[in-house]
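These notes concern the structure reproduced below.
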Amino acid sequence: MPVEVRQAVAHDCLGGADARSLLSLPFTAPQYRALQADVDASLRRLLDIPPRFRLLFLPGGATAQFAAVPLNLLPPAGRAAYVVTGHWSRRAAEEAASHGRIERIGPEAMARAEGAAYVHITTNETADGCQYRAWPEVDAPLVADMTSDLLTRPIDFSRLALGYAATQKTIGVPGLTVVIVREDLLGRARAYTPRVLDYTRQAEADSRLNTPPVFPMGVARHMLDWIEATGGVAAVAERIERHGAAVYGALEASPGRYRVPVTPAWRSRVNPCFQLAEPAHTEHFLAAAADAGLHELRGHPRSGGVRVSLYPGLETAAVDALVGFIRAFAAAGT
């Protein structure tokens with residue numbers, strides 16, 4: 001998170017003679033309503049969200065939406081298609097299967113989605129290092145888990161029907177999930193859907209059916225302001241593209257030391273994942289990286305290896321340090 005954002009959040013927490021601390025701000029206060037309106041307006045400007053979409057600001061993580069999506073969009077006798085590209089899309093499909101009939105398909109089989117109530121994708125798989133480089137065109141409403149690449153590139157709203165994202169990856173801290181839903185998809189929830197998971201009820205209550213995540217909303221506001229002030233989504237996309245190219249370039253320069261399992265067309269710009277050519281060297285790599293001041297590089301427990309996170313707030317100096325370390329480690333041998 002950029003230092004400017006951290007300083008702004010700290011100021012909000014401290015409050016002062018003229019302002020209430022963000023840490024004690026009740027969601028019933030006019031200040032919170034203004035905060036939520038600011039976040040809504042910022043997202044609409046940055047992503048060019050059409051008026052026909054509603055924004056919901058819900059407590060909890062994106063995993064809750066694995067259940068909320070089928071409860072709101074999948075009719076009891078209907079079918080949904082889940083495109084499985086890695087760990088998180090697999091988790092989404094497993095949860096949805098508890099609530100109705102689903103079909104697991106690969107990206108190459110999206111044509112089979114005809115007649116589905118919706119098609120679900122995970123735009124960026126953080127555990128596997130793969131990412132959709134373009135928005136797929138399907139013959140059903142497209143639902144996307146965008147948790148790890150929201151605001152890292154434009155969204156094609158002519159193809160997207162519903163998108164959701166927890167904010168801890170790209171615009172803040174854990175505790176808040178943003179849902180962007182086309183208005184014609186409201187009013188379809190099953191009768192037994194819990195009220196807090198019912199998109200229609202949340203929309204009617206302006207995302208305040210239950211206590212909203214006040215502190216994460218405050219952090220998101222400052223992160224969105226920072227993105228807007230530094231050039232918007234186009235600037236974020238260019239920066240992440242450049243950072244990703246630098247990391248992959250360093251890895252490909254030493255094929256005897258590193259292995260990137262994902263084909264170039266599917267490689268994530270946001271989360272490059274790789275293995276050491278000799279898996280036994282992974283712990284040495286991670287320990288040496290930590291000694292060099294480079295942290296949080298261990299891969300997902302399911303995948304192992306190394307995972308790099310190139311989220312919007314990451315400074316280019318940090319990427320340069322990582323690239324230099326990757327090259328130096330390769331040159332040093334064992």
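Please note that chains go A, B, ... in the order of the structure tokens, that every chain numbers its residues from 1, and that ligands are numbered from 1 in the order shown.
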Neighbour list for stretch 48-60 of chain A as a PyMOL selection string, cut-off 7 Å, only C-alpha atoms, skip fewer than 6 positions in-chain: chain A and resi 40+175-183+203+207+212-213
Produce a table with one row for each residue of stretch 36-99 of chain A that has an atom at most 12 Å from any atom of stretch 131-138 of chain A, each row naming the nearest atom pair and its distance in Å at one decimal; use only C-alpha atoms; arrange rows by chain and rising residue number; format as JSON lines.
{"residue": "A:Ala81", "atom": "CA", "partner": "A:Val138", "partner_atom": "CA", "distance": 10.6}
{"residue": "A:Val83", "atom": "CA", "partner": "A:Pro136", "partner_atom": "CA", "distance": 11.0}
{"residue": "A:Val84", "atom": "CA", "partner": "A:Gln131", "partner_atom": "CA", "distance": 11.8}
{"residue": "A:Thr85", "atom": "CA", "partner": "A:Gln131", "partner_atom": "CA", "distance": 8.7}
{"residue": "A:Gly86", "atom": "CA", "partner": "A:Gln131", "partner_atom": "CA", "distance": 9.8}
{"residue": "A:Trp88", "atom": "CA", "partner": "A:Gln131", "partner_atom": "CA", "distance": 11.9}
{"residue": "A:Ser89", "atom": "CA", "partner": "A:Gln131", "partner_atom": "CA", "distance": 11.5}
Quick check for you: according to DSSP on this backbone, which residues of stretch 58-262 of chain A are classed as strand (DSSP E)? Reply as a PyMOL selection string. chain A and resi 58-59+79-83+101-105+119-122+124-125+130-131+142-145+160-166+176-182+258-259
For A:Arg208, work out the shell of residues within 12 Å, counting only C-alpha atoms and skipping chain neighbours fewer than 6 positions away, then give it as a PDB file with all heavy atoms, in the first residue's frame.
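Here's the written file out_19.pdb:
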ATOM      1  N   PRO A  26     -19.927   5.286  13.252  1.00  0.00           N
ATOM      2  CA  PRO A  26     -21.052   4.378  13.065  1.00  0.00           C
ATOM      3  C   PRO A  26     -21.577   4.450  11.629  1.00  0.00           C
ATOM      4  O   PRO A  26     -21.533   5.515  11.002  1.00  0.00           O
ATOM      5  CB  PRO A  26     -22.092   4.881  14.056  1.00  0.00           C
ATOM      6  CG  PRO A  26     -21.790   6.323  14.220  1.00  0.00           C
ATOM      7  CD  PRO A  26     -20.300   6.471  14.058  1.00  0.00           C
ATOM      8  N   PHE A  27     -22.082   3.328  11.134  1.00  0.00           N
ATOM      9  CA  PHE A  27     -22.538   3.332   9.748  1.00  0.00           C
ATOM     10  C   PHE A  27     -23.835   4.111   9.561  1.00  0.00           C
ATOM     11  O   PHE A  27     -24.240   4.391   8.432  1.00  0.00           O
ATOM     12  CB  PHE A  27     -22.681   1.898   9.231  1.00  0.00           C
ATOM     13  CG  PHE A  27     -23.923   1.166   9.664  1.00  0.00           C
ATOM     14  CD1 PHE A  27     -25.055   1.161   8.870  1.00  0.00           C
ATOM     15  CD2 PHE A  27     -23.944   0.475  10.864  1.00  0.00           C
ATOM     16  CE1 PHE A  27     -26.193   0.477   9.260  1.00  0.00           C
ATOM     17  CE2 PHE A  27     -25.073  -0.216  11.257  1.00  0.00           C
ATOM     18  CZ  PHE A  27     -26.208  -0.216  10.456  1.00  0.00           C
ATOM     19  N   THR A  28     -24.474   4.487  10.651  1.00  0.00           N
ATOM     20  CA  THR A  28     -25.682   5.298  10.561  1.00  0.00           C
ATOM     21  C   THR A  28     -25.386   6.796  10.442  1.00  0.00           C
ATOM     22  O   THR A  28     -26.293   7.590  10.207  1.00  0.00           O
ATOM     23  CB  THR A  28     -26.561   5.063  11.801  1.00  0.00           C
ATOM     24  OG1 THR A  28     -25.764   5.298  12.978  1.00  0.00           O
ATOM     25  CG2 THR A  28     -27.080   3.635  11.833  1.00  0.00           C
ATOM     26  N   ALA A  29     -24.128   7.171  10.606  1.00  0.00           N
ATOM     27  CA  ALA A  29     -23.750   8.580  10.590  1.00  0.00           C
ATOM     28  C   ALA A  29     -23.737   9.125   9.158  1.00  0.00           C
ATOM     29  O   ALA A  29     -23.416   8.404   8.205  1.00  0.00           O
ATOM     30  CB  ALA A  29     -22.371   8.760  11.212  1.00  0.00           C
ATOM     31  N   TYR A  32     -20.551   8.434   7.230  1.00  0.00           N
ATOM     32  CA  TYR A  32     -20.355   7.146   6.564  1.00  0.00           C
ATOM     33  C   TYR A  32     -21.105   7.098   5.237  1.00  0.00           C
ATOM     34  O   TYR A  32     -20.589   6.571   4.247  1.00  0.00           O
ATOM     35  CB  TYR A  32     -20.786   5.969   7.432  1.00  0.00           C
ATOM     36  CG  TYR A  32     -20.642   4.684   6.641  1.00  0.00           C
ATOM     37  CD1 TYR A  32     -19.385   4.136   6.429  1.00  0.00           C
ATOM     38  CD2 TYR A  32     -21.735   4.093   6.015  1.00  0.00           C
ATOM     39  CE1 TYR A  32     -19.212   3.014   5.632  1.00  0.00           C
ATOM     40  CE2 TYR A  32     -21.582   2.973   5.223  1.00  0.00           C
ATOM     41  CZ  TYR A  32     -20.315   2.429   5.030  1.00  0.00           C
ATOM     42  OH  TYR A  32     -20.155   1.341   4.224  1.00  0.00           O
ATOM     43  N   ARG A  33     -22.311   7.636   5.205  1.00  0.00           N
ATOM     44  CA  ARG A  33     -23.056   7.651   3.945  1.00  0.00           C
ATOM     45  C   ARG A  33     -22.282   8.422   2.874  1.00  0.00           C
ATOM     46  O   ARG A  33     -22.236   8.026   1.708  1.00  0.00           O
ATOM     47  CB  ARG A  33     -24.444   8.265   4.166  1.00  0.00           C
ATOM     48  CG  ARG A  33     -25.355   7.402   5.026  1.00  0.00           C
ATOM     49  CD  ARG A  33     -26.662   8.108   5.333  1.00  0.00           C
ATOM     50  NE  ARG A  33     -27.489   7.318   6.216  1.00  0.00           N
ATOM     51  CZ  ARG A  33     -28.453   6.499   5.818  1.00  0.00           C
ATOM     52  NH1 ARG A  33     -28.723   6.368   4.535  1.00  0.00           N
ATOM     53  NH2 ARG A  33     -29.164   5.807   6.700  1.00  0.00           N
ATOM     54  N   GLN A  36     -19.377   6.165   1.703  1.00  0.00           N
ATOM     55  CA  GLN A  36     -19.820   5.128   0.772  1.00  0.00           C
ATOM     56  C   GLN A  36     -20.134   5.729  -0.597  1.00  0.00           C
ATOM     57  O   GLN A  36     -19.801   5.142  -1.634  1.00  0.00           O
ATOM     58  CB  GLN A  36     -21.051   4.416   1.328  1.00  0.00           C
ATOM     59  CG  GLN A  36     -21.553   3.291   0.427  1.00  0.00           C
ATOM     60  CD  GLN A  36     -22.722   2.542   1.038  1.00  0.00           C
ATOM     61  OE1 GLN A  36     -22.667   2.132   2.200  1.00  0.00           O
ATOM     62  NE2 GLN A  36     -23.791   2.364   0.270  1.00  0.00           N
ATOM     63  N   LEU A  56     -22.626  -2.973  -4.796  1.00  0.00           N
ATOM     64  CA  LEU A  56     -22.916  -3.397  -3.434  1.00  0.00           C
ATOM     65  C   LEU A  56     -21.600  -3.472  -2.669  1.00  0.00           C
ATOM     66  O   LEU A  56     -20.589  -3.950  -3.202  1.00  0.00           O
ATOM     67  CB  LEU A  56     -23.598  -4.764  -3.426  1.00  0.00           C
ATOM     68  CG  LEU A  56     -24.853  -4.922  -4.292  1.00  0.00           C
ATOM     69  CD1 LEU A  56     -25.386  -6.345  -4.202  1.00  0.00           C
ATOM     70  CD2 LEU A  56     -25.923  -3.914  -3.893  1.00  0.00           C
ATOM     71  N   PHE A  57     -21.629  -3.027  -1.428  1.00  0.00           N
ATOM     72  CA  PHE A  57     -20.439  -3.046  -0.572  1.00  0.00           C
ATOM     73  C   PHE A  57     -20.756  -3.942   0.620  1.00  0.00           C
ATOM     74  O   PHE A  57     -21.450  -3.535   1.555  1.00  0.00           O
ATOM     75  CB  PHE A  57     -20.085  -1.624  -0.143  1.00  0.00           C
ATOM     76  CG  PHE A  57     -19.842  -0.709  -1.317  1.00  0.00           C
ATOM     77  CD1 PHE A  57     -20.824   0.184  -1.733  1.00  0.00           C
ATOM     78  CD2 PHE A  57     -18.647  -0.764  -2.015  1.00  0.00           C
ATOM     79  CE1 PHE A  57     -20.599   1.019  -2.816  1.00  0.00           C
ATOM     80  CE2 PHE A  57     -18.419   0.068  -3.101  1.00  0.00           C
ATOM     81  CZ  PHE A  57     -19.399   0.957  -3.509  1.00  0.00           C
ATOM     82  N   LEU A  58     -20.246  -5.168   0.572  1.00  0.00           N
ATOM     83  CA  LEU A  58     -20.671  -6.202   1.498  1.00  0.00           C
ATOM     84  C   LEU A  58     -19.541  -6.628   2.431  1.00  0.00           C
ATOM     85  O   LEU A  58     -18.366  -6.628   2.045  1.00  0.00           O
ATOM     86  CB  LEU A  58     -21.164  -7.424   0.711  1.00  0.00           C
ATOM     87  CG  LEU A  58     -22.239  -7.125  -0.348  1.00  0.00           C
ATOM     88  CD1 LEU A  58     -22.637  -8.405  -1.055  1.00  0.00           C
ATOM     89  CD2 LEU A  58     -23.452  -6.451   0.285  1.00  0.00           C
ATOM     90  N   PRO A  59     -19.888  -6.999   3.655  1.00  0.00           N
ATOM     91  CA  PRO A  59     -18.858  -7.467   4.597  1.00  0.00           C
ATOM     92  C   PRO A  59     -18.382  -8.863   4.241  1.00  0.00           C
ATOM     93  O   PRO A  59     -19.099  -9.647   3.612  1.00  0.00           O
ATOM     94  CB  PRO A  59     -19.587  -7.448   5.947  1.00  0.00           C
ATOM     95  CG  PRO A  59     -21.027  -7.624   5.602  1.00  0.00           C
ATOM     96  CD  PRO A  59     -21.215  -6.945   4.278  1.00  0.00           C
ATOM     97  N   ARG A 195     -30.784 -13.191   4.135  1.00  0.00           N
ATOM     98  CA  ARG A 195     -30.967 -11.789   3.769  1.00  0.00           C
ATOM     99  C   ARG A 195     -29.649 -11.090   3.444  1.00  0.00           C
ATOM    100  O   ARG A 195     -29.570 -10.295   2.506  1.00  0.00           O
ATOM    101  CB  ARG A 195     -31.675 -11.050   4.915  1.00  0.00           C
ATOM    102  CG  ARG A 195     -33.136 -11.397   5.060  1.00  0.00           C
ATOM    103  CD  ARG A 195     -33.690 -10.901   6.392  1.00  0.00           C
ATOM    104  NE  ARG A 195     -33.488  -9.477   6.601  1.00  0.00           N
ATOM    105  CZ  ARG A 195     -34.315  -8.527   6.184  1.00  0.00           C
ATOM    106  NH1 ARG A 195     -35.407  -8.849   5.522  1.00  0.00           N
ATOM    107  NH2 ARG A 195     -34.057  -7.248   6.416  1.00  0.00           N
ATOM    108  N   VAL A 196     -28.597 -11.399   4.209  1.00  0.00           N
ATOM    109  CA  VAL A 196     -27.328 -10.702   3.993  1.00  0.00           C
ATOM    110  C   VAL A 196     -26.647 -11.129   2.699  1.00  0.00           C
ATOM    111  O   VAL A 196     -25.732 -10.439   2.219  1.00  0.00           O
ATOM    112  CB  VAL A 196     -26.368 -10.905   5.190  1.00  0.00           C
ATOM    113  CG1 VAL A 196     -26.930 -10.261   6.438  1.00  0.00           C
ATOM    114  CG2 VAL A 196     -26.065 -12.381   5.411  1.00  0.00           C
ATOM    115  N   TYR A 199     -28.756 -10.211  -3.009  1.00  0.00           N
ATOM    116  CA  TYR A 199     -28.328  -8.981  -3.671  1.00  0.00           C
ATOM    117  C   TYR A 199     -29.454  -7.952  -3.748  1.00  0.00           C
ATOM    118  O   TYR A 199     -29.210  -6.747  -3.621  1.00  0.00           O
ATOM    119  CB  TYR A 199     -27.830  -9.294  -5.084  1.00  0.00           C
ATOM    120  CG  TYR A 199     -26.582 -10.135  -5.150  1.00  0.00           C
ATOM    121  CD1 TYR A 199     -26.362 -10.995  -6.221  1.00  0.00           C
ATOM    122  CD2 TYR A 199     -25.603 -10.071  -4.158  1.00  0.00           C
ATOM    123  CE1 TYR A 199     -25.214 -11.760  -6.315  1.00  0.00           C
ATOM    124  CE2 TYR A 199     -24.448 -10.841  -4.237  1.00  0.00           C
ATOM    125  CZ  TYR A 199     -24.263 -11.682  -5.324  1.00  0.00           C
ATOM    126  OH  TYR A 199     -23.129 -12.443  -5.406  1.00  0.00           O
ATOM    127  N   ARG A 201     -32.048  -7.501  -1.682  1.00  0.00           N
ATOM    128  CA  ARG A 201     -32.268  -6.874  -0.379  1.00  0.00           C
ATOM    129  C   ARG A 201     -31.133  -5.913  -0.032  1.00  0.00           C
ATOM    130  O   ARG A 201     -31.358  -4.832   0.530  1.00  0.00           O
ATOM    131  CB  ARG A 201     -32.426  -7.945   0.699  1.00  0.00           C
ATOM    132  CG  ARG A 201     -33.721  -8.749   0.580  1.00  0.00           C
ATOM    133  CD  ARG A 201     -33.773  -9.808   1.667  1.00  0.00           C
ATOM    134  NE  ARG A 201     -34.992 -10.610   1.591  1.00  0.00           N
ATOM    135  CZ  ARG A 201     -36.112 -10.328   2.231  1.00  0.00           C
ATOM    136  NH1 ARG A 201     -36.183  -9.255   3.008  1.00  0.00           N
ATOM    137  NH2 ARG A 201     -37.160 -11.113   2.121  1.00  0.00           N
ATOM    138  N   GLN A 202     -29.920  -6.298  -0.355  1.00  0.00           N
ATOM    139  CA  GLN A 202     -28.792  -5.409  -0.078  1.00  0.00           C
ATOM    140  C   GLN A 202     -28.873  -4.144  -0.937  1.00  0.00           C
ATOM    141  O   GLN A 202     -28.578  -3.043  -0.463  1.00  0.00           O
ATOM    142  CB  GLN A 202     -27.470  -6.136  -0.326  1.00  0.00           C
ATOM    143  CG  GLN A 202     -27.115  -7.167   0.726  1.00  0.00           C
ATOM    144  CD  GLN A 202     -26.604  -6.540   2.031  1.00  0.00           C
ATOM    145  OE1 GLN A 202     -26.665  -5.329   2.222  1.00  0.00           O
ATOM    146  NE2 GLN A 202     -26.100  -7.373   2.925  1.00  0.00           N
ATOM    147  N   VAL A 214     -16.919  -0.576   7.852  1.00  0.00           N
ATOM    148  CA  VAL A 214     -16.626   0.857   7.826  1.00  0.00           C
ATOM    149  C   VAL A 214     -15.141   1.125   7.590  1.00  0.00           C
ATOM    150  O   VAL A 214     -14.770   1.929   6.719  1.00  0.00           O
ATOM    151  CB  VAL A 214     -17.098   1.522   9.131  1.00  0.00           C
ATOM    152  CG1 VAL A 214     -16.712   3.005   9.141  1.00  0.00           C
ATOM    153  CG2 VAL A 214     -18.607   1.362   9.300  1.00  0.00           C
TER     154      VAL A 214
END
Proximity of stretch 53-153 of chain A to stretch 299-323 of chain A: per-residue shortest pair, 7 Å limit, only C-alpha atoms, as a Markdown table:
| residue | atom | partner | partner_atom | distance |
| --- | --- | --- | --- | --- |
| A:Ala127 | CA | A:His300 | CA | 5.2 |
| A:Asp128 | CA | A:Ser303 | CA | 6.8 |
| A:Thr152 | CA | A:Pro312 | CA | 6.9 |
Kindly export the residues of the current selection with N, CA and C atoms, as a short mmCIF file (atom, residue, chain, number, x, y, z; two decimals), in the first residue's frame.
data_model
loop_
_atom_site.label_atom_id
_atom_site.label_comp_id
_atom_site.auth_asym_id
_atom_site.auth_seq_id
_atom_site.Cartn_x
_atom_site.Cartn_y
_atom_site.Cartn_z
N ALA A 127 -3.08 -18.53 -7.07
CA ALA A 127 -2.33 -19.72 -6.64
C ALA A 127 -1.63 -20.40 -7.81
N ASP A 128 -2.10 -20.15 -9.03
CA ASP A 128 -1.60 -20.87 -10.19
C ASP A 128 -0.86 -19.99 -11.19
N THR A 152 -6.90 -3.30 -12.28
CA THR A 152 -5.60 -3.42 -12.93
C THR A 152 -5.72 -3.34 -14.45
#
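Excluding stretch 280-291 of chain A and any residue on its chain fewer than 5 positions from it, the residues at most 8 Å away by only C-alpha atoms are Gln275, Leu297, Arg298, Gly305, Val306, Phe325, Phe329 and Thr334 of chain A.
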Would you put the residues from that selection into a file with N, CA and C atoms, as a PDB file, in the first residue's frame?
ATOM      1  N   GLN A 275       8.565 -22.090 -10.306  1.00  0.00           N
ATOM      2  CA  GLN A 275       9.226 -23.116  -9.508  1.00  0.00           C
ATOM      3  C   GLN A 275      10.734 -23.001  -9.717  1.00  0.00           C
ATOM      4  N   LEU A 297       6.937 -14.245  -0.535  1.00  0.00           N
ATOM      5  CA  LEU A 297       7.160 -14.841  -1.852  1.00  0.00           C
ATOM      6  C   LEU A 297       6.819 -16.330  -1.909  1.00  0.00           C
ATOM      7  N   ARG A 298       6.485 -16.915  -0.789  1.00  0.00           N
ATOM      8  CA  ARG A 298       6.171 -18.347  -0.790  1.00  0.00           C
ATOM      9  C   ARG A 298       4.885 -18.599  -1.568  1.00  0.00           C
ATOM     10  N   GLY A 305       6.336 -23.663  -4.580  1.00  0.00           N
ATOM     11  CA  GLY A 305       7.126 -22.772  -5.398  1.00  0.00           C
ATOM     12  C   GLY A 305       7.123 -21.348  -4.886  1.00  0.00           C
ATOM     13  N   VAL A 306       7.182 -20.411  -5.820  1.00  0.00           N
ATOM     14  CA  VAL A 306       7.305 -18.989  -5.517  1.00  0.00           C
ATOM     15  C   VAL A 306       6.165 -18.238  -6.203  1.00  0.00           C
ATOM     16  N   PHE A 325      17.491  -9.630  -7.566  1.00  0.00           N
ATOM     17  CA  PHE A 325      17.735 -10.815  -6.746  1.00  0.00           C
ATOM     18  C   PHE A 325      17.571 -12.095  -7.562  1.00  0.00           C
ATOM     19  N   PHE A 329      20.608 -14.660  -7.827  1.00  0.00           N
ATOM     20  CA  PHE A 329      20.485 -16.014  -7.304  1.00  0.00           C
ATOM     21  C   PHE A 329      20.808 -17.032  -8.389  1.00  0.00           C
ATOM     22  N   THR A 334      24.187 -22.975  -6.841  1.00  0.00           N
ATOM     23  CA  THR A 334      23.772 -23.505  -5.541  1.00  0.00           C
ATOM     24  C   THR A 334      24.714 -23.042  -4.444  1.00  0.00           C
TER      25      THR A 334
END
Per-residue nearest contacts stretch 131-182 of chain A to stretch 233-245 of chain A, cut-off 10 Å, using only C-alpha atoms, as a Markdown table:
| residue | atom | partner | partner_atom | distance |
| --- | --- | --- | --- | --- |
| A:Asp149 | CA | A:Ala237 | CA | 9.8 |
| A:Leu150 | CA | A:Val233 | CA | 9.5 |
| A:Leu151 | CA | A:Val233 | CA | 5.8 |
| A:Thr152 | CA | A:Ala237 | CA | 5.1 |
| A:Arg153 | CA | A:Ala237 | CA | 5.2 |
| A:Pro154 | CA | A:Val233 | CA | 6.7 |
| A:Ile155 | CA | A:Val233 | CA | 10.0 |
Output C-alpha atoms for every residue in that selection, as a PDB file, in the first residue's frame.
ATOM      1  CA  ASP A 149      -7.053  -7.968 -10.586  1.00  0.00           C
ATOM      2  CA  LEU A 150      -9.841  -5.450 -10.022  1.00  0.00           C
ATOM      3  CA  LEU A 151      -8.699  -2.011 -11.239  1.00  0.00           C
ATOM      4  CA  THR A 152      -5.598  -3.422 -12.934  1.00  0.00           C
ATOM      5  CA  ARG A 153      -7.215  -3.108 -16.392  1.00  0.00           C
ATOM      6  CA  PRO A 154     -10.470  -1.917 -17.987  1.00  0.00           C
ATOM      7  CA  ILE A 155     -13.628  -4.029 -17.726  1.00  0.00           C
TER       8      ILE A 155
END
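Checking A:Arg257, A:His120, A:Arg101, A:His222 one by one against A:Met146, counting only C-alpha atoms, you find the shortest gap at A:His120.
Between atom CA of A:Asp145 and atom CA of A:Glu4 the interatomic distance comes to 28.2 Å.
Interatomic distance, atom CA of A:Ala67 to atom CA of A:Leu162: 14.1 Å.
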